[in-house]
>>> print(open('upload_30.txt').read())   # compact mmCIF, N, CA and C atoms
# COMPACT_ATOMS: atom_id res chain seq x y z
N MET A 178 80.42 65.91 61.75
CA MET A 178 81.36 66.23 60.71
C MET A 178 80.95 67.53 60.02
N ALA A 179 79.65 67.67 59.80
CA ALA A 179 79.16 68.87 59.12
C ALA A 179 79.45 70.12 59.95
N ALA A 180 79.15 70.05 61.24
CA ALA A 180 79.39 71.21 62.11
C ALA A 180 80.88 71.53 62.18
N HIS A 181 81.71 70.50 62.29
CA HIS A 181 83.16 70.68 62.33
C HIS A 181 83.64 71.40 61.07
N SER A 182 83.24 70.92 59.91
CA SER A 182 83.70 71.53 58.66
C SER A 182 83.16 72.95 58.49
N PHE A 183 81.91 73.16 58.92
CA PHE A 183 81.35 74.51 58.81
C PHE A 183 82.13 75.49 59.69
N CYS A 184 82.45 75.07 60.91
CA CYS A 184 83.21 75.94 61.83
C CYS A 184 84.63 76.18 61.31
N ILE A 185 85.27 75.14 60.77
CA ILE A 185 86.60 75.33 60.18
C ILE A 185 86.50 76.32 59.03
N GLY A 186 85.46 76.19 58.21
CA GLY A 186 85.26 77.11 57.09
C GLY A 186 85.12 78.54 57.56
N LEU A 187 84.28 78.76 58.56
CA LEU A 187 84.12 80.13 59.09
C LEU A 187 85.44 80.65 59.66
N GLY A 188 86.15 79.76 60.35
CA GLY A 188 87.44 80.17 60.91
C GLY A 188 88.42 80.60 59.83
N LEU A 189 88.48 79.82 58.76
CA LEU A 189 89.40 80.18 57.67
C LEU A 189 89.01 81.49 57.00
N ILE A 190 87.71 81.71 56.86
CA ILE A 190 87.25 82.93 56.21
C ILE A 190 87.51 84.16 57.07
N PHE A 191 87.21 84.06 58.37
CA PHE A 191 87.21 85.25 59.22
C PHE A 191 88.40 85.36 60.18
N MET A 192 89.21 84.33 60.33
CA MET A 192 90.31 84.37 61.29
C MET A 192 91.37 85.39 60.87
N PRO A 193 91.76 86.26 61.77
CA PRO A 193 92.82 87.22 61.46
C PRO A 193 94.16 86.50 61.22
N ALA A 194 95.00 87.10 60.41
CA ALA A 194 96.29 86.51 60.07
C ALA A 194 97.13 86.22 61.31
N GLU A 195 97.01 87.05 62.35
CA GLU A 195 97.79 86.85 63.58
C GLU A 195 97.42 85.52 64.25
N GLU A 196 96.15 85.15 64.19
CA GLU A 196 95.72 83.89 64.79
C GLU A 196 96.25 82.69 64.00
N ILE A 197 96.30 82.82 62.70
CA ILE A 197 96.84 81.74 61.86
C ILE A 197 98.31 81.52 62.22
N ILE A 198 99.04 82.59 62.43
CA ILE A 198 100.45 82.50 62.83
C ILE A 198 100.56 81.85 64.21
N ARG A 199 99.66 82.24 65.14
CA ARG A 199 99.68 81.69 66.49
C ARG A 199 99.43 80.18 66.50
N LEU A 200 98.71 79.67 65.50
CA LEU A 200 98.45 78.23 65.40
C LEU A 200 99.62 77.45 64.81
N GLY A 201 100.69 78.17 64.44
CA GLY A 201 101.89 77.49 63.96
C GLY A 201 102.15 77.60 62.47
N PHE A 202 101.28 78.31 61.76
CA PHE A 202 101.45 78.45 60.32
C PHE A 202 102.15 79.76 60.01
N ALA A 203 102.91 79.76 58.93
CA ALA A 203 103.56 81.00 58.48
C ALA A 203 102.48 81.98 58.06
N GLY A 204 102.74 83.23 58.24
CA GLY A 204 101.77 84.25 57.88
C GLY A 204 101.44 84.24 56.39
N CYS A 205 100.22 84.56 56.10
CA CYS A 205 99.75 84.65 54.72
C CYS A 205 99.08 86.00 54.57
N SER A 206 99.78 86.93 53.92
CA SER A 206 99.21 88.27 53.80
C SER A 206 98.07 88.31 52.78
N GLU A 207 98.08 87.39 51.84
CA GLU A 207 97.00 87.32 50.85
C GLU A 207 95.85 86.50 51.43
N ARG A 208 94.68 87.04 51.50
CA ARG A 208 93.54 86.37 52.13
C ARG A 208 92.80 85.41 51.19
N PHE A 209 93.19 85.34 49.91
CA PHE A 209 92.46 84.51 48.96
C PHE A 209 92.46 83.04 49.35
N PHE A 210 93.62 82.47 49.66
CA PHE A 210 93.69 81.02 49.92
C PHE A 210 92.95 80.61 51.19
N PRO A 211 93.09 81.33 52.30
CA PRO A 211 92.25 80.98 53.46
C PRO A 211 90.75 81.14 53.16
N PHE A 212 90.40 82.17 52.40
CA PHE A 212 88.99 82.38 52.04
C PHE A 212 88.48 81.24 51.17
N GLN A 213 89.28 80.84 50.18
CA GLN A 213 88.92 79.74 49.30
C GLN A 213 88.75 78.44 50.11
N GLY A 214 89.69 78.17 50.99
CA GLY A 214 89.60 76.98 51.84
C GLY A 214 88.38 77.02 52.75
N GLY A 215 88.05 78.21 53.24
CA GLY A 215 86.87 78.37 54.09
C GLY A 215 85.58 78.10 53.34
N VAL A 216 85.48 78.62 52.13
CA VAL A 216 84.29 78.38 51.30
C VAL A 216 84.18 76.89 50.98
N PHE A 217 85.31 76.24 50.65
CA PHE A 217 85.31 74.81 50.37
C PHE A 217 84.80 74.01 51.58
N HIS A 218 85.30 74.33 52.77
CA HIS A 218 84.86 73.62 53.97
C HIS A 218 83.37 73.85 54.22
N ALA A 219 82.89 75.07 54.02
CA ALA A 219 81.47 75.36 54.22
C ALA A 219 80.62 74.55 53.24
N LEU A 220 81.04 74.47 52.00
CA LEU A 220 80.30 73.68 51.01
C LEU A 220 80.33 72.19 51.35
N MET A 221 81.48 71.70 51.78
CA MET A 221 81.58 70.29 52.17
C MET A 221 80.68 69.99 53.36
N SER A 222 80.47 70.96 54.24
CA SER A 222 79.61 70.73 55.39
C SER A 222 78.18 70.43 54.94
N ILE A 223 77.76 70.99 53.83
CA ILE A 223 76.42 70.68 53.30
C ILE A 223 76.37 69.22 52.86
N ALA A 224 77.39 68.75 52.16
CA ALA A 224 77.44 67.35 51.75
C ALA A 224 77.46 66.43 52.96
N TYR A 225 78.24 66.77 53.98
CA TYR A 225 78.30 65.95 55.19
C TYR A 225 76.94 65.93 55.90
N TRP A 226 76.27 67.08 55.94
CA TRP A 226 74.97 67.17 56.59
C TRP A 226 73.95 66.29 55.86
N LEU A 227 73.91 66.37 54.53
CA LEU A 227 72.99 65.53 53.76
C LEU A 227 73.29 64.05 53.98
N ALA A 228 74.57 63.70 53.96
CA ALA A 228 74.96 62.30 54.16
C ALA A 228 74.58 61.83 55.56
N GLY A 229 74.72 62.69 56.54
CA GLY A 229 74.44 62.29 57.92
C GLY A 229 72.97 62.27 58.27
N THR A 230 72.16 63.13 57.65
CA THR A 230 70.74 63.18 58.00
C THR A 230 69.90 62.22 57.18
N MET A 231 70.34 61.88 55.98
CA MET A 231 69.60 60.95 55.12
C MET A 231 70.58 59.99 54.44
N PRO A 232 71.24 59.13 55.23
CA PRO A 232 72.31 58.30 54.68
C PRO A 232 71.86 57.31 53.60
N GLU A 233 70.68 56.73 53.76
CA GLU A 233 70.23 55.78 52.74
C GLU A 233 69.95 56.49 51.42
N ARG A 234 69.36 57.65 51.51
CA ARG A 234 69.04 58.43 50.30
C ARG A 234 70.30 58.97 49.63
N HIS A 235 71.29 59.32 50.44
CA HIS A 235 72.52 59.92 49.92
C HIS A 235 73.73 59.02 50.20
N SER A 236 73.60 57.73 49.92
CA SER A 236 74.69 56.80 50.22
C SER A 236 75.97 57.12 49.45
N VAL A 237 75.82 57.70 48.27
CA VAL A 237 77.01 58.10 47.51
C VAL A 237 77.76 59.21 48.26
N LEU A 238 77.03 60.13 48.87
CA LEU A 238 77.67 61.18 49.65
C LEU A 238 78.34 60.61 50.90
N VAL A 239 77.77 59.57 51.47
CA VAL A 239 78.39 58.93 52.63
C VAL A 239 79.74 58.36 52.21
N ARG A 240 79.75 57.63 51.11
CA ARG A 240 81.01 57.04 50.63
C ARG A 240 82.00 58.14 50.22
N PHE A 241 81.50 59.20 49.60
CA PHE A 241 82.37 60.31 49.24
C PHE A 241 82.96 60.97 50.48
N SER A 242 82.16 61.11 51.53
CA SER A 242 82.65 61.70 52.79
C SER A 242 83.77 60.86 53.38
N ILE A 243 83.62 59.55 53.33
CA ILE A 243 84.67 58.66 53.83
C ILE A 243 85.94 58.84 53.01
N LEU A 244 85.80 58.90 51.70
CA LEU A 244 86.95 59.11 50.82
C LEU A 244 87.64 60.44 51.14
N VAL A 245 86.87 61.49 51.32
CA VAL A 245 87.43 62.82 51.62
C VAL A 245 88.19 62.79 52.95
N LYS A 246 87.60 62.19 53.96
CA LYS A 246 88.23 62.17 55.29
C LYS A 246 89.52 61.35 55.30
N PHE A 247 89.52 60.20 54.63
CA PHE A 247 90.74 59.40 54.59
C PHE A 247 91.81 60.04 53.70
N THR A 248 91.39 60.73 52.65
CA THR A 248 92.35 61.47 51.81
C THR A 248 92.98 62.59 52.62
N ALA A 249 92.16 63.31 53.38
CA ALA A 249 92.68 64.38 54.23
C ALA A 249 93.64 63.81 55.27
N PHE A 250 93.30 62.66 55.85
CA PHE A 250 94.15 62.01 56.84
C PHE A 250 95.54 61.73 56.25
N VAL A 251 95.57 61.11 55.07
CA VAL A 251 96.85 60.77 54.43
C VAL A 251 97.61 62.03 54.04
N LEU A 252 96.93 62.99 53.46
CA LEU A 252 97.57 64.25 53.05
C LEU A 252 98.18 64.97 54.25
N LEU A 253 97.42 65.09 55.31
CA LEU A 253 97.90 65.82 56.49
C LEU A 253 99.06 65.10 57.18
N LEU A 254 98.97 63.78 57.29
CA LEU A 254 100.09 63.04 57.88
C LEU A 254 101.35 63.16 57.02
N THR A 255 101.17 63.06 55.72
CA THR A 255 102.31 63.21 54.81
C THR A 255 102.94 64.58 54.96
N TYR A 256 102.11 65.61 55.01
CA TYR A 256 102.61 66.97 55.18
C TYR A 256 103.36 67.11 56.51
N TYR A 257 102.76 66.57 57.57
CA TYR A 257 103.38 66.68 58.89
C TYR A 257 104.76 66.01 58.93
N PHE A 258 104.87 64.81 58.38
CA PHE A 258 106.12 64.06 58.47
C PHE A 258 107.13 64.42 57.38
N ALA A 259 106.67 64.89 56.23
CA ALA A 259 107.58 65.13 55.11
C ALA A 259 107.88 66.61 54.85
N VAL A 260 107.00 67.50 55.32
CA VAL A 260 107.19 68.91 54.98
C VAL A 260 107.46 69.77 56.21
N ASP A 261 106.49 69.82 57.12
CA ASP A 261 106.62 70.71 58.27
C ASP A 261 105.83 70.14 59.45
N SER A 262 106.49 69.92 60.57
CA SER A 262 105.87 69.30 61.74
C SER A 262 105.09 70.32 62.56
N ILE A 263 103.97 70.76 62.02
CA ILE A 263 103.09 71.71 62.71
C ILE A 263 102.08 70.88 63.51
N LEU A 264 102.01 71.13 64.81
CA LEU A 264 101.13 70.36 65.69
C LEU A 264 99.69 70.38 65.20
N MET A 265 99.19 71.52 64.75
CA MET A 265 97.81 71.63 64.29
C MET A 265 97.54 70.72 63.09
N VAL A 266 98.55 70.50 62.25
CA VAL A 266 98.40 69.61 61.10
C VAL A 266 98.25 68.16 61.58
N LEU A 267 99.07 67.77 62.55
CA LEU A 267 98.98 66.42 63.11
C LEU A 267 97.63 66.21 63.79
N LEU A 268 97.19 67.18 64.58
CA LEU A 268 95.89 67.05 65.25
C LEU A 268 94.76 66.97 64.23
N SER A 269 94.85 67.75 63.16
CA SER A 269 93.83 67.70 62.10
C SER A 269 93.82 66.34 61.43
N ALA A 270 95.00 65.76 61.22
CA ALA A 270 95.08 64.43 60.61
C ALA A 270 94.38 63.41 61.50
N ILE A 271 94.65 63.47 62.78
CA ILE A 271 94.05 62.52 63.72
C ILE A 271 92.53 62.67 63.74
N VAL A 272 92.04 63.90 63.80
CA VAL A 272 90.60 64.14 63.82
C VAL A 272 89.95 63.68 62.52
N ASP A 273 90.54 64.01 61.38
CA ASP A 273 89.97 63.57 60.10
C ASP A 273 89.97 62.05 59.99
N GLY A 274 91.05 61.42 60.42
CA GLY A 274 91.11 59.96 60.39
C GLY A 274 90.03 59.33 61.26
N MET A 275 89.83 59.88 62.46
CA MET A 275 88.79 59.37 63.36
C MET A 275 87.41 59.56 62.76
N MET A 276 87.14 60.74 62.18
CA MET A 276 85.83 60.97 61.57
C MET A 276 85.61 60.02 60.39
N GLY A 277 86.64 59.80 59.60
CA GLY A 277 86.52 58.86 58.48
C GLY A 277 86.24 57.45 58.96
N TRP A 278 86.95 57.01 59.99
CA TRP A 278 86.78 55.66 60.52
C TRP A 278 85.39 55.49 61.13
N ILE A 279 84.95 56.46 61.93
CA ILE A 279 83.62 56.38 62.55
C ILE A 279 82.54 56.36 61.48
N THR A 280 82.67 57.19 60.47
CA THR A 280 81.69 57.23 59.37
C THR A 280 81.68 55.89 58.64
N CYS A 281 82.85 55.33 58.43
CA CYS A 281 82.96 54.04 57.75
C CYS A 281 82.25 52.93 58.55
N VAL A 282 82.48 52.89 59.84
CA VAL A 282 81.85 51.87 60.70
C VAL A 282 80.33 52.05 60.71
N LEU A 283 79.87 53.29 60.87
CA LEU A 283 78.42 53.53 60.90
C LEU A 283 77.77 53.19 59.56
N ALA A 284 78.44 53.52 58.47
CA ALA A 284 77.90 53.20 57.15
C ALA A 284 77.83 51.70 56.95
N TYR A 285 78.85 50.99 57.39
CA TYR A 285 78.85 49.53 57.28
C TYR A 285 77.70 48.92 58.08
N ARG A 286 77.50 49.41 59.29
CA ARG A 286 76.42 48.90 60.14
C ARG A 286 75.04 49.15 59.54
N ARG A 287 74.91 50.23 58.79
CA ARG A 287 73.61 50.54 58.16
C ARG A 287 73.46 49.85 56.81
N GLY A 288 74.47 49.11 56.41
CA GLY A 288 74.39 48.37 55.15
C GLY A 288 74.64 49.21 53.91
N LEU A 289 75.29 50.34 54.07
CA LEU A 289 75.49 51.24 52.93
C LEU A 289 76.59 50.78 51.98
N PHE A 290 77.31 49.74 52.37
CA PHE A 290 78.33 49.19 51.48
C PHE A 290 77.85 47.92 50.77
N ALA A 291 76.66 47.46 51.13
CA ALA A 291 76.16 46.19 50.60
C ALA A 291 76.13 46.19 49.07
N SER A 292 75.75 47.29 48.46
CA SER A 292 75.66 47.33 47.00
C SER A 292 77.03 47.20 46.35
N LEU A 293 78.07 47.50 47.08
CA LEU A 293 79.42 47.39 46.52
C LEU A 293 79.88 45.95 46.44
N PHE A 294 79.28 45.07 47.25
CA PHE A 294 79.73 43.69 47.34
C PHE A 294 78.78 42.69 46.69
N ARG A 295 77.66 43.18 46.17
CA ARG A 295 76.71 42.29 45.51
C ARG A 295 77.27 41.79 44.20
N LYS A 296 77.10 40.51 43.96
CA LYS A 296 77.48 39.95 42.68
C LYS A 296 76.25 40.01 41.78
N GLU A 297 76.35 40.81 40.75
CA GLU A 297 75.23 40.94 39.83
C GLU A 297 75.62 40.39 38.49
N ALA A 298 74.73 39.63 37.92
CA ALA A 298 74.97 39.12 36.57
C ALA A 298 74.58 40.22 35.59
N ARG A 299 75.54 40.67 34.84
CA ARG A 299 75.30 41.77 33.91
C ARG A 299 75.44 41.30 32.46
N HIS A 300 75.27 40.02 32.26
CA HIS A 300 75.38 39.48 30.91
C HIS A 300 74.00 39.45 30.26
N ALA A 301 73.98 39.64 28.98
CA ALA A 301 72.72 39.64 28.25
C ALA A 301 72.02 38.31 28.44
N GLY A 302 70.75 38.36 28.76
CA GLY A 302 69.95 37.16 28.90
C GLY A 302 70.03 36.51 30.26
N VAL A 303 70.86 36.98 31.17
CA VAL A 303 70.97 36.39 32.50
C VAL A 303 70.19 37.27 33.46
N GLU A 304 69.21 36.72 34.13
CA GLU A 304 68.39 37.49 35.07
C GLU A 304 68.73 37.15 36.49
>>> encode(input="upload_30.txt", output="C-alpha cells")
Amino acid sequence: MAAHSFCIGLGLIFMPAEEIIRLGFAGCSERFFPFQGGVFHALMSIAYWLAGTMPERHSVLVRFSILVKFTAFVLLLTYYFAVDSILMVLLSAIVDGMMGWITCVLAYRRGLFASLFRKEARHAGVE
C-alpha cells in the first residue's frame, strides 16, 4: 500500500497534463491540485509504511489506513456512478477496496481489533 501511494503521489506531482488527459480526465492547466494530491499521497505512504512494518506498535495507523481505503473506495465508486464514468476511477475504487479488505483481514488475524471488542469496566471502584 505504501509503495502504491508513493508512486501515485509521484505520478500526480510529475505527470504531464497530456498524460492526465490520456487517462480519461479533463485537462487541468493549473498544477496546484495534482501537486497537492501528490504530496498527500506521498505523506500517506509514510503512514502506510509505518502501519505495515510495525503493526502492533502503530495499530491506530493500521485502523486509520483501513478507514482511508474504504472511504476512498466509497468516494470513487460514488464518483464513477453519479458523476463521471471514468474507467481509471472505477479501477482505483476496486484497488482501494481490495487493499482495505486485505489490510482489514490481516489486522484481524494479528489481533489488532481485539482492543475494540474488550469489555472493560470503567466504573469507579470496579477492577
>>> atom_distance(input="upload_30.txt", atom1="atom C of Val282 (chain A)", atom2="CA of Thr248 (chain A)")
17.7 Å
>>> atom_distance(input="upload_30.txt", atom1="CA of Pro193 (chain A)", atom2="CA of Asp261 (chain A)")
21.8 Å
>>> atom_distance(input="upload_30.txt", atom1="CA of Phe202 (chain A)", atom2="atom C of Ile223 (chain A)")
27.7 Å
>>> closest_residue(input="upload_30.txt", among="A:Ile185, A:Ile271, A:Ser292, A:Met276", to="Ser222 (chain A)", atoms="only C-alpha atoms")
A:Ile185
>>> select_by_dssp(input="upload_30.txt", residues="region 193-286 of chain A", states="helix (DSSP H, G or I)", output="compact mmCIF listing (two decimals) with N, CA and C atoms, in the frame of the given file")
# COMPACT_ATOMS: atom_id res chain seq x y z
N ALA A 194 95.00 87.10 60.41
CA ALA A 194 96.29 86.51 60.07
C ALA A 194 97.13 86.22 61.31
N GLU A 195 97.01 87.05 62.35
CA GLU A 195 97.79 86.85 63.58
C GLU A 195 97.42 85.52 64.25
N GLU A 196 96.15 85.15 64.19
CA GLU A 196 95.72 83.89 64.79
C GLU A 196 96.25 82.69 64.00
N ILE A 197 96.30 82.82 62.70
CA ILE A 197 96.84 81.74 61.86
C ILE A 197 98.31 81.52 62.22
N ILE A 198 99.04 82.59 62.43
CA ILE A 198 100.45 82.50 62.83
C ILE A 198 100.56 81.85 64.21
N ARG A 199 99.66 82.24 65.14
CA ARG A 199 99.68 81.69 66.49
C ARG A 199 99.43 80.18 66.50
N PHE A 209 93.19 85.34 49.91
CA PHE A 209 92.46 84.51 48.96
C PHE A 209 92.46 83.04 49.35
N PHE A 210 93.62 82.47 49.66
CA PHE A 210 93.69 81.02 49.92
C PHE A 210 92.95 80.61 51.19
N PRO A 211 93.09 81.33 52.30
CA PRO A 211 92.25 80.98 53.46
C PRO A 211 90.75 81.14 53.16
N PHE A 212 90.40 82.17 52.40
CA PHE A 212 88.99 82.38 52.04
C PHE A 212 88.48 81.24 51.17
N GLN A 213 89.28 80.84 50.18
CA GLN A 213 88.92 79.74 49.30
C GLN A 213 88.75 78.44 50.11
N GLY A 214 89.69 78.17 50.99
CA GLY A 214 89.60 76.98 51.84
C GLY A 214 88.38 77.02 52.75
N GLY A 215 88.05 78.21 53.24
CA GLY A 215 86.87 78.37 54.09
C GLY A 215 85.58 78.10 53.34
N VAL A 216 85.48 78.62 52.13
CA VAL A 216 84.29 78.38 51.30
C VAL A 216 84.18 76.89 50.98
N PHE A 217 85.31 76.24 50.65
CA PHE A 217 85.31 74.81 50.37
C PHE A 217 84.80 74.01 51.58
N HIS A 218 85.30 74.33 52.77
CA HIS A 218 84.86 73.62 53.97
C HIS A 218 83.37 73.85 54.22
N ALA A 219 82.89 75.07 54.02
CA ALA A 219 81.47 75.36 54.22
C ALA A 219 80.62 74.55 53.24
N LEU A 220 81.04 74.47 52.00
CA LEU A 220 80.30 73.68 51.01
C LEU A 220 80.33 72.19 51.35
N MET A 221 81.48 71.70 51.78
CA MET A 221 81.58 70.29 52.17
C MET A 221 80.68 69.99 53.36
N SER A 222 80.47 70.96 54.24
CA SER A 222 79.61 70.73 55.39
C SER A 222 78.18 70.43 54.94
N ILE A 223 77.76 70.99 53.83
CA ILE A 223 76.42 70.68 53.30
C ILE A 223 76.37 69.22 52.86
N ALA A 224 77.39 68.75 52.16
CA ALA A 224 77.44 67.35 51.75
C ALA A 224 77.46 66.43 52.96
N TYR A 225 78.24 66.77 53.98
CA TYR A 225 78.30 65.95 55.19
C TYR A 225 76.94 65.93 55.90
N TRP A 226 76.27 67.08 55.94
CA TRP A 226 74.97 67.17 56.59
C TRP A 226 73.95 66.29 55.86
N LEU A 227 73.91 66.37 54.53
CA LEU A 227 72.99 65.53 53.76
C LEU A 227 73.29 64.05 53.98
N ALA A 228 74.57 63.70 53.96
CA ALA A 228 74.96 62.30 54.16
C ALA A 228 74.58 61.83 55.56
N GLY A 229 74.72 62.69 56.54
CA GLY A 229 74.44 62.29 57.92
C GLY A 229 72.97 62.27 58.27
N THR A 230 72.16 63.13 57.65
CA THR A 230 70.74 63.18 58.00
C THR A 230 69.90 62.22 57.18
N SER A 236 73.60 57.73 49.92
CA SER A 236 74.69 56.80 50.22
C SER A 236 75.97 57.12 49.45
N VAL A 237 75.82 57.70 48.27
CA VAL A 237 77.01 58.10 47.51
C VAL A 237 77.76 59.21 48.26
N LEU A 238 77.03 60.13 48.87
CA LEU A 238 77.67 61.18 49.65
C LEU A 238 78.34 60.61 50.90
N VAL A 239 77.77 59.57 51.47
CA VAL A 239 78.39 58.93 52.63
C VAL A 239 79.74 58.36 52.21
N ARG A 240 79.75 57.63 51.11
CA ARG A 240 81.01 57.04 50.63
C ARG A 240 82.00 58.14 50.22
N PHE A 241 81.50 59.20 49.60
CA PHE A 241 82.37 60.31 49.24
C PHE A 241 82.96 60.97 50.48
N SER A 242 82.16 61.11 51.53
CA SER A 242 82.65 61.70 52.79
C SER A 242 83.77 60.86 53.38
N ILE A 243 83.62 59.55 53.33
CA ILE A 243 84.67 58.66 53.83
C ILE A 243 85.94 58.84 53.01
N LEU A 244 85.80 58.90 51.70
CA LEU A 244 86.95 59.11 50.82
C LEU A 244 87.64 60.44 51.14
N VAL A 245 86.87 61.49 51.32
CA VAL A 245 87.43 62.82 51.62
C VAL A 245 88.19 62.79 52.95
N LYS A 246 87.60 62.19 53.96
CA LYS A 246 88.23 62.17 55.29
C LYS A 246 89.52 61.35 55.30
N PHE A 247 89.52 60.20 54.63
CA PHE A 247 90.74 59.40 54.59
C PHE A 247 91.81 60.04 53.70
N THR A 248 91.39 60.73 52.65
CA THR A 248 92.35 61.47 51.81
C THR A 248 92.98 62.59 52.62
N ALA A 249 92.16 63.31 53.38
CA ALA A 249 92.68 64.38 54.23
C ALA A 249 93.64 63.81 55.27
N PHE A 250 93.30 62.66 55.85
CA PHE A 250 94.15 62.01 56.84
C PHE A 250 95.54 61.73 56.25
N VAL A 251 95.57 61.11 55.07
CA VAL A 251 96.85 60.77 54.43
C VAL A 251 97.61 62.03 54.04
N LEU A 252 96.93 62.99 53.46
CA LEU A 252 97.57 64.25 53.05
C LEU A 252 98.18 64.97 54.25
N LEU A 253 97.42 65.09 55.31
CA LEU A 253 97.90 65.82 56.49
C LEU A 253 99.06 65.10 57.18
N LEU A 254 98.97 63.78 57.29
CA LEU A 254 100.09 63.04 57.88
C LEU A 254 101.35 63.16 57.02
N THR A 255 101.17 63.06 55.72
CA THR A 255 102.31 63.21 54.81
C THR A 255 102.94 64.58 54.96
N TYR A 256 102.11 65.61 55.01
CA TYR A 256 102.61 66.97 55.18
C TYR A 256 103.36 67.11 56.51
N TYR A 257 102.76 66.57 57.57
CA TYR A 257 103.38 66.68 58.89
C TYR A 257 104.76 66.01 58.93
N PHE A 258 104.87 64.81 58.38
CA PHE A 258 106.12 64.06 58.47
C PHE A 258 107.13 64.42 57.38
N ALA A 259 106.67 64.89 56.23
CA ALA A 259 107.58 65.13 55.11
C ALA A 259 107.88 66.61 54.85
N LEU A 264 102.01 71.13 64.81
CA LEU A 264 101.13 70.36 65.69
C LEU A 264 99.69 70.38 65.20
N MET A 265 99.19 71.52 64.75
CA MET A 265 97.81 71.63 64.29
C MET A 265 97.54 70.72 63.09
N VAL A 266 98.55 70.50 62.25
CA VAL A 266 98.40 69.61 61.10
C VAL A 266 98.25 68.16 61.58
N LEU A 267 99.07 67.77 62.55
CA LEU A 267 98.98 66.42 63.11
C LEU A 267 97.63 66.21 63.79
N LEU A 268 97.19 67.18 64.58
CA LEU A 268 95.89 67.05 65.25
C LEU A 268 94.76 66.97 64.23
N SER A 269 94.85 67.75 63.16
CA SER A 269 93.83 67.70 62.10
C SER A 269 93.82 66.34 61.43
N ALA A 270 95.00 65.76 61.22
CA ALA A 270 95.08 64.43 60.61
C ALA A 270 94.38 63.41 61.50
N ILE A 271 94.65 63.47 62.78
CA ILE A 271 94.05 62.52 63.72
C ILE A 271 92.53 62.67 63.74
N VAL A 272 92.04 63.90 63.80
CA VAL A 272 90.60 64.14 63.82
C VAL A 272 89.95 63.68 62.52
N ASP A 273 90.54 64.01 61.38
CA ASP A 273 89.97 63.57 60.10
C ASP A 273 89.97 62.05 59.99
N GLY A 274 91.05 61.42 60.42
CA GLY A 274 91.11 59.96 60.39
C GLY A 274 90.03 59.33 61.26
N MET A 275 89.83 59.88 62.46
CA MET A 275 88.79 59.37 63.36
C MET A 275 87.41 59.56 62.76
N MET A 276 87.14 60.74 62.18
CA MET A 276 85.83 60.97 61.57
C MET A 276 85.61 60.02 60.39
N GLY A 277 86.64 59.80 59.60
CA GLY A 277 86.52 58.86 58.48
C GLY A 277 86.24 57.45 58.96
N TRP A 278 86.95 57.01 59.99
CA TRP A 278 86.78 55.66 60.52
C TRP A 278 85.39 55.49 61.13
N ILE A 279 84.95 56.46 61.93
CA ILE A 279 83.62 56.38 62.55
C ILE A 279 82.54 56.36 61.48
N THR A 280 82.67 57.19 60.47
CA THR A 280 81.69 57.23 59.37
C THR A 280 81.68 55.89 58.64
N CYS A 281 82.85 55.33 58.43
CA CYS A 281 82.96 54.04 57.75
C CYS A 281 82.25 52.93 58.55
N VAL A 282 82.48 52.89 59.84
CA VAL A 282 81.85 51.87 60.70
C VAL A 282 80.33 52.05 60.71
N LEU A 283 79.87 53.29 60.87
CA LEU A 283 78.42 53.53 60.90
C LEU A 283 77.77 53.19 59.56
N ALA A 284 78.44 53.52 58.47
CA ALA A 284 77.90 53.20 57.15
C ALA A 284 77.83 51.70 56.95
N TYR A 285 78.85 50.99 57.39
CA TYR A 285 78.85 49.53 57.28
C TYR A 285 77.70 48.92 58.08
N ARG A 286 77.50 49.41 59.29
CA ARG A 286 76.42 48.90 60.14
C ARG A 286 75.04 49.15 59.54
>>> closest_residue(input="upload_30.txt", among="A:Gly214, A:Val237, A:Cys205, A:Ala270", to="Ile190 (chain A)", atoms="all atoms listed in the file")
A:Gly214
>>> closest_residue(input="upload_30.txt", among="A:Leu293, A:Ile198, A:Phe183, A:Gly277", to="Ile243 (chain A)", atoms="all atoms listed in the file")
A:Gly277
>>> closest_residue(input="upload_30.txt", among="A:Leu200, A:Asp273, A:Leu220, A:Cys184", to="Ala249 (chain A)", atoms="all atoms listed in the file")
A:Asp273
>>> closest_residue(input="upload_30.txt", among="A:Met275, A:Ala291, A:Val266, A:Met221", to="Phe247 (chain A)", atoms="only N, CA and C atoms")
A:Met275
>>> residues_around(input="upload_30.txt", residues="Leu189 (chain A)", least_positions_apart="2", cutoff="6 Å", atoms="only C-alpha atoms", output="number ranges by chain")
A: 186-187, 191-192, 211, 215
>>> axis_aligned_box(input="upload_30.txt", around="region 202-218 of chain A", padding_each_side="8 Å", output="AutoDock Vina command-line options")
--center_x 93.5 --center_y 81.0 --center_z 55.4 --size_x 36.2 --size_y 30.7 --size_z 28.8
>>> residues_around(input="upload_30.txt", residues="Ser262 (chain A)", least_positions_apart="6", cutoff="12 Å", atoms="only C-alpha atoms", output="PyMOL selection string")
chain A and resi 201-202+253-256+268+270
>>> closest_residue(input="upload_30.txt", among="A:Ile263, A:Leu227, A:Ile197, A:Ala203", to="Ala179 (chain A)", atoms="only C-alpha atoms")
A:Leu227
